[in-house]
Amino acid sequence: MHERQSINITASVDRVWEVAGSFADLTWAPAVKASNATNGNALGSNRTLDFGGGALLTETLVAYDGPGRTYTYRIDDTAANLRVVPVRDLVAQISIAAAADGGSVASWECTFSRADQSNKPASGLDDAAAQKQIVGAVRAGLAGLKARAETG
């Protein structure tokens with residue numbers, strides 16, 4: 001499956017990248033209560049997202065381009081992560097680009113598979129559940145980035 005969303009932000013690319021460009025900090029996404037990474041923006045850095053109530057998600061940084069204002073990460077395929085997000089093989093890229101009006105465009109693109117790969121997936125682990133989870137997370141995350149970048 002594939003999901004790509006973008007949002008216009010009335011802040012400079014430098015300001016938006018200042019908010020979004022640290023792999024260690026995803027707290028601009030409303031659902032994330034705390035975020036940290038083992039090795040900052042270095043490839044292979046492992047990020048842990050805390051959603052509260054004991055729900056933790058681990059991710060790994062697979063590409064980082066500061067000057068290009070983009071990074072790519074994957075959600076680690078673990079049993080613990082599947083309890084938080086019903087997907088496998090998720091690879092996502094966050095990108096910030098300049099808009100013609102002096103603002104920015106933030107994009108979040110993901111490819112992923114449903115958690116249950118069987119021919120008859122269990123409810124909540126099927127395509128619909130995976131798509132709903134990722135669409136909602138990306139939409140809310142971009143809205144949170146916009147709010148944080150625009151309010152300073």
# chains A, B, ... in the order shown; residues from 1 in each chain; ligands from 1

$ residues_around --residues "A:Asp50" --least-positions-apart "4" --cutoff "8 Å" --atoms "only C-alpha atoms" --output "PyMOL selection string"
chain A and resi 32-35+54-57

$ write_last_selection --atoms "N, CA and C atoms" --output "mmCIF file, in the first residue's frame"
data_model
loop_
_atom_site.group_PDB
_atom_site.id
_atom_site.type_symbol
_atom_site.label_atom_id
_atom_site.label_comp_id
_atom_site.auth_asym_id
_atom_site.auth_seq_id
_atom_site.Cartn_x
_atom_site.Cartn_y
_atom_site.Cartn_z
ATOM 1 N N VAL A 32 2.304 11.798 19.628
ATOM 2 C CA VAL A 32 3.593 11.440 20.239
ATOM 3 C C VAL A 32 3.803 12.265 21.504
ATOM 4 N N LYS A 33 3.874 11.574 22.627
ATOM 5 C CA LYS A 33 4.075 12.240 23.921
ATOM 6 C C LYS A 33 5.549 12.505 24.187
ATOM 7 N N ALA A 34 6.413 11.604 23.738
ATOM 8 C CA ALA A 34 7.866 11.758 23.911
ATOM 9 C C ALA A 34 8.558 11.012 22.781
ATOM 10 N N SER A 35 9.767 11.461 22.457
ATOM 11 C CA SER A 35 10.509 10.897 21.334
ATOM 12 C C SER A 35 11.996 11.040 21.614
ATOM 13 N N GLY A 54 1.890 3.225 27.834
ATOM 14 C CA GLY A 54 2.758 2.075 27.569
ATOM 15 C C GLY A 54 2.931 1.736 26.098
ATOM 16 N N ALA A 55 2.309 2.499 25.203
ATOM 17 C CA ALA A 55 2.423 2.235 23.759
ATOM 18 C C ALA A 55 3.699 2.877 23.223
ATOM 19 N N LEU A 56 4.664 2.047 22.870
ATOM 20 C CA LEU A 56 5.946 2.493 22.319
ATOM 21 C C LEU A 56 6.118 1.928 20.918
ATOM 22 N N LEU A 57 6.757 2.704 20.055
ATOM 23 C CA LEU A 57 7.022 2.283 18.682
ATOM 24 C C LEU A 57 8.486 2.562 18.389
#

$ select_by_dssp --residues "chain A" --states "alpha helix (DSSP H)" --output "PyMOL selection string"
chain A and resi 13-20+79-84+127-151

$ residues_around --residues "A:Asp101" --least-positions-apart "3" --cutoff "10 Å" --atoms "only C-alpha atoms" --output "list in words"
Thr10, Ala11, Ser12, Ala98 and Ser104 of chain A

$ write_last_selection --atoms "C-alpha atoms" --output "compact mmCIF listing (two decimals), in the first residue's frame"
# COMPACT_ATOMS: atom_id res chain seq x y z
CA THR A 10 3.14 29.62 5.92
CA ALA A 11 6.67 29.45 7.30
CA SER A 12 10.06 29.35 5.59
CA ALA A 98 10.02 25.75 -0.70
CA SER A 104 6.80 25.64 2.46

$ closest_atom_pairs --of "stretch 27-83 of chain A" --to "stretch 19-23 of chain A" --cutoff "12 Å" --atoms "only C-alpha atoms" --output "Markdown table"
| residue | atom | partner | partner_atom | distance |
| --- | --- | --- | --- | --- |
| A:Thr27 | CA | A:Ala20 | CA | 9.3 |
| A:Trp28 | CA | A:Val19 | CA | 7.5 |
| A:Ala29 | CA | A:Ala20 | CA | 9.7 |
| A:Ser35 | CA | A:Phe23 | CA | 9.0 |
| A:Asn36 | CA | A:Phe23 | CA | 8.1 |
| A:Ala37 | CA | A:Phe23 | CA | 7.0 |
| A:Thr38 | CA | A:Phe23 | CA | 9.9 |
| A:Asn39 | CA | A:Phe23 | CA | 9.2 |
| A:Gly40 | CA | A:Phe23 | CA | 6.2 |
| A:Asn41 | CA | A:Phe23 | CA | 5.6 |
| A:Ala42 | CA | A:Phe23 | CA | 8.9 |
| A:Leu43 | CA | A:Phe23 | CA | 10.1 |
| A:Gly44 | CA | A:Phe23 | CA | 11.0 |
| A:Ser45 | CA | A:Phe23 | CA | 8.4 |
| A:Asn46 | CA | A:Phe23 | CA | 9.0 |
| A:Arg47 | CA | A:Phe23 | CA | 7.3 |
| A:Thr48 | CA | A:Phe23 | CA | 10.2 |
| A:Leu49 | CA | A:Phe23 | CA | 10.8 |
| A:Glu59 | CA | A:Phe23 | CA | 9.8 |
| A:Thr60 | CA | A:Phe23 | CA | 9.3 |
| A:Leu61 | CA | A:Phe23 | CA | 7.5 |
| A:Val62 | CA | A:Phe23 | CA | 10.7 |
| A:Ala63 | CA | A:Phe23 | CA | 10.4 |
| A:Tyr64 | CA | A:Phe23 | CA | 8.8 |
| A:Asp65 | CA | A:Gly21 | CA | 9.3 |
| A:Gly66 | CA | A:Gly21 | CA | 7.3 |
| A:Pro67 | CA | A:Gly21 | CA | 10.2 |
| A:Gly68 | CA | A:Gly21 | CA | 10.4 |
| A:Arg69 | CA | A:Gly21 | CA | 6.9 |
| A:Thr70 | CA | A:Gly21 | CA | 7.5 |
| A:Tyr71 | CA | A:Gly21 | CA | 7.8 |
| A:Thr72 | CA | A:Phe23 | CA | 9.3 |
| A:Tyr73 | CA | A:Phe23 | CA | 8.8 |
| A:Arg74 | CA | A:Phe23 | CA | 11.7 |

$ write_last_selection --atoms "N, CA and C atoms" --output "CSV table (one decimal), in the first residue's frame"
chain,number,residue,atom,x,y,z
A,27,THR,N,7.8,15.0,18.4
A,27,THR,CA,6.8,15.5,19.3
A,27,THR,C,5.9,16.5,18.6
A,28,TRP,N,6.2,17.0,17.4
A,28,TRP,CA,5.3,17.8,16.7
A,28,TRP,C,4.1,17.1,16.2
A,29,ALA,N,4.1,15.8,16.1
A,29,ALA,CA,3.0,14.9,15.8
A,29,ALA,C,2.1,14.8,17.1
A,35,SER,N,9.8,11.5,22.5
A,35,SER,CA,10.5,10.9,21.3
A,35,SER,C,12.0,11.0,21.6
A,36,ASN,N,12.8,10.0,21.3
A,36,ASN,CA,14.2,10.1,21.4
A,36,ASN,C,14.9,9.1,20.4
A,37,ALA,N,16.1,9.4,20.1
A,37,ALA,CA,16.9,8.5,19.2
A,37,ALA,C,18.2,8.2,19.8
A,38,THR,N,18.7,7.1,19.4
A,38,THR,CA,20.0,6.6,20.0
A,38,THR,C,21.2,7.4,19.4
A,39,ASN,N,21.1,7.9,18.2
A,39,ASN,CA,22.3,8.5,17.5
A,39,ASN,C,21.9,9.6,16.6
A,40,GLY,N,20.9,10.4,17.1
A,40,GLY,CA,20.5,11.6,16.3
A,40,GLY,C,20.2,11.3,14.9
A,41,ASN,N,20.8,12.1,14.0
A,41,ASN,CA,20.5,12.0,12.6
A,41,ASN,C,21.4,11.1,11.8
A,42,ALA,N,22.2,10.3,12.5
A,42,ALA,CA,23.1,9.3,11.9
A,42,ALA,C,22.4,8.1,11.4
A,43,LEU,N,22.8,7.6,10.2
A,43,LEU,CA,22.1,6.4,9.7
A,43,LEU,C,22.2,5.3,10.7
A,44,GLY,N,21.1,4.6,10.8
A,44,GLY,CA,21.0,3.5,11.7
A,44,GLY,C,20.5,3.9,13.1
A,45,SER,N,20.4,5.2,13.3
A,45,SER,CA,19.9,5.6,14.6
A,45,SER,C,18.5,5.0,14.9
A,46,ASN,N,18.2,4.6,16.1
A,46,ASN,CA,16.9,4.0,16.4
A,46,ASN,C,16.1,5.0,17.3
A,47,ARG,N,14.9,5.3,16.8
A,47,ARG,CA,14.0,6.2,17.5
A,47,ARG,C,12.9,5.5,18.2
A,48,THR,N,12.6,5.9,19.4
A,48,THR,CA,11.5,5.4,20.2
A,48,THR,C,10.4,6.5,20.3
A,49,LEU,N,9.2,6.1,19.9
A,49,LEU,CA,8.1,7.1,20.1
A,49,LEU,C,7.2,6.5,21.2
A,59,GLU,N,11.6,2.8,15.5
A,59,GLU,CA,11.9,3.1,14.1
A,59,GLU,C,13.4,3.2,13.9
A,60,THR,N,13.9,3.0,12.6
A,60,THR,CA,15.3,3.2,12.3
A,60,THR,C,15.4,4.1,11.1
A,61,LEU,N,16.4,5.0,11.3
A,61,LEU,CA,16.7,6.0,10.2
A,61,LEU,C,17.5,5.3,9.1
A,62,VAL,N,17.0,5.4,7.9
A,62,VAL,CA,17.7,4.7,6.8
A,62,VAL,C,18.3,5.7,5.8
A,63,ALA,N,17.9,6.9,5.8
A,63,ALA,CA,18.5,8.0,4.9
A,63,ALA,C,18.3,9.3,5.5
A,64,TYR,N,19.3,10.2,5.4
A,64,TYR,CA,19.1,11.6,5.9
A,64,TYR,C,19.9,12.5,5.0
A,65,ASP,N,19.2,13.6,4.6
A,65,ASP,CA,19.8,14.6,3.7
A,65,ASP,C,19.4,16.0,4.3
A,66,GLY,N,20.2,16.5,5.2
A,66,GLY,CA,19.9,17.8,5.8
A,66,GLY,C,19.8,18.9,4.7
A,67,PRO,N,20.8,19.1,3.8
A,67,PRO,CA,20.7,20.1,2.8
A,67,PRO,C,19.4,20.0,1.9
A,68,GLY,N,19.0,18.7,1.7
A,68,GLY,CA,17.9,18.5,0.8
A,68,GLY,C,16.6,18.5,1.6
A,69,ARG,N,16.7,18.6,2.9
A,69,ARG,CA,15.5,18.7,3.9
A,69,ARG,C,14.6,17.5,3.7
A,70,THR,N,15.2,16.3,3.8
A,70,THR,CA,14.4,15.1,3.7
A,70,THR,C,15.1,14.0,4.5
A,71,TYR,N,14.3,13.1,5.1
A,71,TYR,CA,14.8,11.9,5.7
A,71,TYR,C,13.9,10.7,5.5
A,72,THR,N,14.4,9.5,5.6
A,72,THR,CA,13.6,8.3,5.4
A,72,THR,C,13.9,7.4,6.6
A,73,TYR,N,12.8,6.8,7.1
A,73,TYR,CA,12.9,5.8,8.2
A,73,TYR,C,12.0,4.6,7.9
A,74,ARG,N,12.2,3.6,8.7
A,74,ARG,CA,11.3,2.4,8.7
A,74,ARG,C,10.9,2.1,10.1

$ residues_around --residues "A:Leu145" --least-positions-apart "3" --cutoff "10 Å" --atoms "only C-alpha atoms" --output "JSON, numbers by chain"
{"A": [7, 9, 16, 17, 19, 20, 26, 27, 28, 29, 30, 106, 140, 141, 142, 148, 149, 150]}

$ atom_distance --atom1 "atom CA of A:Ile134" --atom2 "atom CA of A:Val84"
11.6 Å

$ select_by_dssp --residues "chain A" --states "strand (DSSP E or B)" --output "PDB file with C-alpha atoms, in the first residue's frame"
ATOM      1  CA  HIS A   2       1.020   3.591  -0.454  1.00  0.00           C
ATOM      2  CA  GLU A   3       0.081   6.883   1.175  1.00  0.00           C
ATOM      3  CA  ARG A   4       1.324  10.376   0.309  1.00  0.00           C
ATOM      4  CA  GLN A   5       0.062  13.612   1.753  1.00  0.00           C
ATOM      5  CA  SER A   6       1.337  17.180   1.632  1.00  0.00           C
ATOM      6  CA  ILE A   7       0.436  20.377   3.449  1.00  0.00           C
ATOM      7  CA  ASN A   8       1.182  24.029   2.744  1.00  0.00           C
ATOM      8  CA  ILE A   9       2.818  25.847   5.642  1.00  0.00           C
ATOM      9  CA  ALA A  34       7.866  11.758  23.911  1.00  0.00           C
ATOM     10  CA  SER A  35      10.509  10.897  21.334  1.00  0.00           C
ATOM     11  CA  ASN A  36      14.217  10.103  21.415  1.00  0.00           C
ATOM     12  CA  ALA A  37      16.857   8.522  19.194  1.00  0.00           C
ATOM     13  CA  ASN A  46      16.946   4.029  16.445  1.00  0.00           C
ATOM     14  CA  ARG A  47      14.011   6.223  17.467  1.00  0.00           C
ATOM     15  CA  THR A  48      11.483   5.359  20.157  1.00  0.00           C
ATOM     16  CA  LEU A  49       8.107   7.061  20.083  1.00  0.00           C
ATOM     17  CA  ASP A  50       6.029   7.089  23.267  1.00  0.00           C
ATOM     18  CA  LEU A  56       5.946   2.493  22.319  1.00  0.00           C
ATOM     19  CA  LEU A  57       7.022   2.283  18.682  1.00  0.00           C
ATOM     20  CA  THR A  58      10.580   1.817  17.417  1.00  0.00           C
ATOM     21  CA  GLU A  59      11.912   3.072  14.088  1.00  0.00           C
ATOM     22  CA  THR A  60      15.268   3.159  12.304  1.00  0.00           C
ATOM     23  CA  LEU A  61      16.710   6.008  10.224  1.00  0.00           C
ATOM     24  CA  VAL A  62      17.720   4.706   6.778  1.00  0.00           C
ATOM     25  CA  ALA A  63      18.546   7.955   4.912  1.00  0.00           C
ATOM     26  CA  TYR A  64      19.142  11.561   5.941  1.00  0.00           C
ATOM     27  CA  ASP A  65      19.757  14.583   3.711  1.00  0.00           C
ATOM     28  CA  THR A  70      14.430  15.060   3.735  1.00  0.00           C
ATOM     29  CA  TYR A  71      14.833  11.863   5.706  1.00  0.00           C
ATOM     30  CA  THR A  72      13.647   8.287   5.387  1.00  0.00           C
ATOM     31  CA  TYR A  73      12.917   5.838   8.186  1.00  0.00           C
ATOM     32  CA  ARG A  74      11.344   2.433   8.659  1.00  0.00           C
ATOM     33  CA  ILE A  75       9.188   1.062  11.435  1.00  0.00           C
ATOM     34  CA  VAL A  87       1.462  -2.602   9.569  1.00  0.00           C
ATOM     35  CA  ARG A  88       4.610  -4.310   8.331  1.00  0.00           C
ATOM     36  CA  ASP A  89       7.409  -3.194   6.059  1.00  0.00           C
ATOM     37  CA  LEU A  90       6.623   0.501   6.510  1.00  0.00           C
ATOM     38  CA  VAL A  91       9.161   2.850   4.971  1.00  0.00           C
ATOM     39  CA  ALA A  92       8.394   6.565   5.132  1.00  0.00           C
ATOM     40  CA  GLN A  93       9.959   9.791   3.933  1.00  0.00           C
ATOM     41  CA  ILE A  94       9.424  13.273   5.319  1.00  0.00           C
ATOM     42  CA  SER A  95      10.377  16.124   2.962  1.00  0.00           C
ATOM     43  CA  ILE A  96      10.235  19.893   3.184  1.00  0.00           C
ATOM     44  CA  ALA A  97      10.321  22.055   0.030  1.00  0.00           C
ATOM     45  CA  ALA A  98      10.023  25.754  -0.697  1.00  0.00           C
ATOM     46  CA  SER A 104       6.795  25.643   2.463  1.00  0.00           C
ATOM     47  CA  VAL A 105       5.288  22.356   1.439  1.00  0.00           C
ATOM     48  CA  ALA A 106       5.759  19.444   3.834  1.00  0.00           C
ATOM     49  CA  SER A 107       5.244  15.945   2.418  1.00  0.00           C
ATOM     50  CA  TRP A 108       5.027  12.579   4.158  1.00  0.00           C
ATOM     51  CA  GLU A 109       5.067   9.475   1.989  1.00  0.00           C
ATOM     52  CA  CYS A 110       4.783   5.860   3.171  1.00  0.00           C
ATOM     53  CA  THR A 111       4.785   2.400   1.651  1.00  0.00           C
ATOM     54  CA  PHE A 112       3.610  -0.450   3.861  1.00  0.00           C
ATOM     55  CA  SER A 113       1.789  -3.777   4.100  1.00  0.00           C
ATOM     56  CA  ARG A 114      -0.962  -4.935   6.400  1.00  0.00           C
TER      57      ARG A 114
END

$ decode --residues "stretch 86-145 of chain A" --atoms "C-alpha atoms" --output "PDB file, in the first residue's frame"
ATOM      1  CA  PRO A  86      -1.116  -2.808  12.389  1.00  0.00           C
ATOM      2  CA  VAL A  87       1.462  -2.602   9.569  1.00  0.00           C
ATOM      3  CA  ARG A  88       4.610  -4.310   8.331  1.00  0.00           C
ATOM      4  CA  ASP A  89       7.409  -3.194   6.059  1.00  0.00           C
ATOM      5  CA  LEU A  90       6.623   0.501   6.510  1.00  0.00           C
ATOM      6  CA  VAL A  91       9.161   2.850   4.971  1.00  0.00           C
ATOM      7  CA  ALA A  92       8.394   6.565   5.132  1.00  0.00           C
ATOM      8  CA  GLN A  93       9.959   9.791   3.933  1.00  0.00           C
ATOM      9  CA  ILE A  94       9.424  13.273   5.319  1.00  0.00           C
ATOM     10  CA  SER A  95      10.377  16.124   2.962  1.00  0.00           C
ATOM     11  CA  ILE A  96      10.235  19.893   3.184  1.00  0.00           C
ATOM     12  CA  ALA A  97      10.321  22.055   0.030  1.00  0.00           C
ATOM     13  CA  ALA A  98      10.023  25.754  -0.697  1.00  0.00           C
ATOM     14  CA  ALA A  99       6.693  27.011  -2.003  1.00  0.00           C
ATOM     15  CA  ALA A 100       6.420  29.804  -4.599  1.00  0.00           C
ATOM     16  CA  ASP A 101       4.809  32.142  -2.060  1.00  0.00           C
ATOM     17  CA  GLY A 102       7.772  32.016   0.322  1.00  0.00           C
ATOM     18  CA  GLY A 103       6.178  29.371   2.499  1.00  0.00           C
ATOM     19  CA  SER A 104       6.795  25.643   2.463  1.00  0.00           C
ATOM     20  CA  VAL A 105       5.288  22.356   1.439  1.00  0.00           C
ATOM     21  CA  ALA A 106       5.759  19.444   3.834  1.00  0.00           C
ATOM     22  CA  SER A 107       5.244  15.945   2.418  1.00  0.00           C
ATOM     23  CA  TRP A 108       5.027  12.579   4.158  1.00  0.00           C
ATOM     24  CA  GLU A 109       5.067   9.475   1.989  1.00  0.00           C
ATOM     25  CA  CYS A 110       4.783   5.860   3.171  1.00  0.00           C
ATOM     26  CA  THR A 111       4.785   2.400   1.651  1.00  0.00           C
ATOM     27  CA  PHE A 112       3.610  -0.450   3.861  1.00  0.00           C
ATOM     28  CA  SER A 113       1.789  -3.777   4.100  1.00  0.00           C
ATOM     29  CA  ARG A 114      -0.962  -4.935   6.400  1.00  0.00           C
ATOM     30  CA  ALA A 115       0.079  -6.699   9.590  1.00  0.00           C
ATOM     31  CA  ASP A 116      -1.610 -10.016   8.814  1.00  0.00           C
ATOM     32  CA  GLN A 117      -0.234 -11.345   5.535  1.00  0.00           C
ATOM     33  CA  SER A 118      -2.535 -14.386   5.393  1.00  0.00           C
ATOM     34  CA  ASN A 119      -5.195 -14.840   2.704  1.00  0.00           C
ATOM     35  CA  LYS A 120      -7.913 -14.075   5.275  1.00  0.00           C
ATOM     36  CA  PRO A 121      -6.463 -11.428   7.576  1.00  0.00           C
ATOM     37  CA  ALA A 122      -7.893 -10.973  11.045  1.00  0.00           C
ATOM     38  CA  SER A 123     -10.076  -7.951  11.687  1.00  0.00           C
ATOM     39  CA  GLY A 124      -7.907  -5.022  12.724  1.00  0.00           C
ATOM     40  CA  LEU A 125      -4.880  -6.481  10.934  1.00  0.00           C
ATOM     41  CA  ASP A 126      -6.291  -6.194   7.401  1.00  0.00           C
ATOM     42  CA  ASP A 127      -5.780  -3.669   4.578  1.00  0.00           C
ATOM     43  CA  ALA A 128      -8.533  -1.356   5.815  1.00  0.00           C
ATOM     44  CA  ALA A 129      -7.068  -1.146   9.329  1.00  0.00           C
ATOM     45  CA  ALA A 130      -3.557  -0.525   8.038  1.00  0.00           C
ATOM     46  CA  GLN A 131      -4.691   2.169   5.603  1.00  0.00           C
ATOM     47  CA  LYS A 132      -6.875   3.881   8.217  1.00  0.00           C
ATOM     48  CA  GLN A 133      -4.043   3.951  10.767  1.00  0.00           C
ATOM     49  CA  ILE A 134      -1.450   5.366   8.372  1.00  0.00           C
ATOM     50  CA  VAL A 135      -3.764   7.917   6.707  1.00  0.00           C
ATOM     51  CA  GLY A 136      -4.826   9.226  10.119  1.00  0.00           C
ATOM     52  CA  ALA A 137      -1.291   9.343  11.505  1.00  0.00           C
ATOM     53  CA  VAL A 138       0.119  11.156   8.473  1.00  0.00           C
ATOM     54  CA  ARG A 139      -2.754  13.650   8.341  1.00  0.00           C
ATOM     55  CA  ALA A 140      -2.497  14.438  12.063  1.00  0.00           C
ATOM     56  CA  GLY A 141       1.299  14.586  11.909  1.00  0.00           C
ATOM     57  CA  LEU A 142       1.335  17.095   9.067  1.00  0.00           C
ATOM     58  CA  ALA A 143      -1.292  19.225  10.820  1.00  0.00           C
ATOM     59  CA  GLY A 144       0.859  19.170  13.956  1.00  0.00           C
ATOM     60  CA  LEU A 145       3.947  20.171  11.976  1.00  0.00           C
TER      61      LEU A 145
END
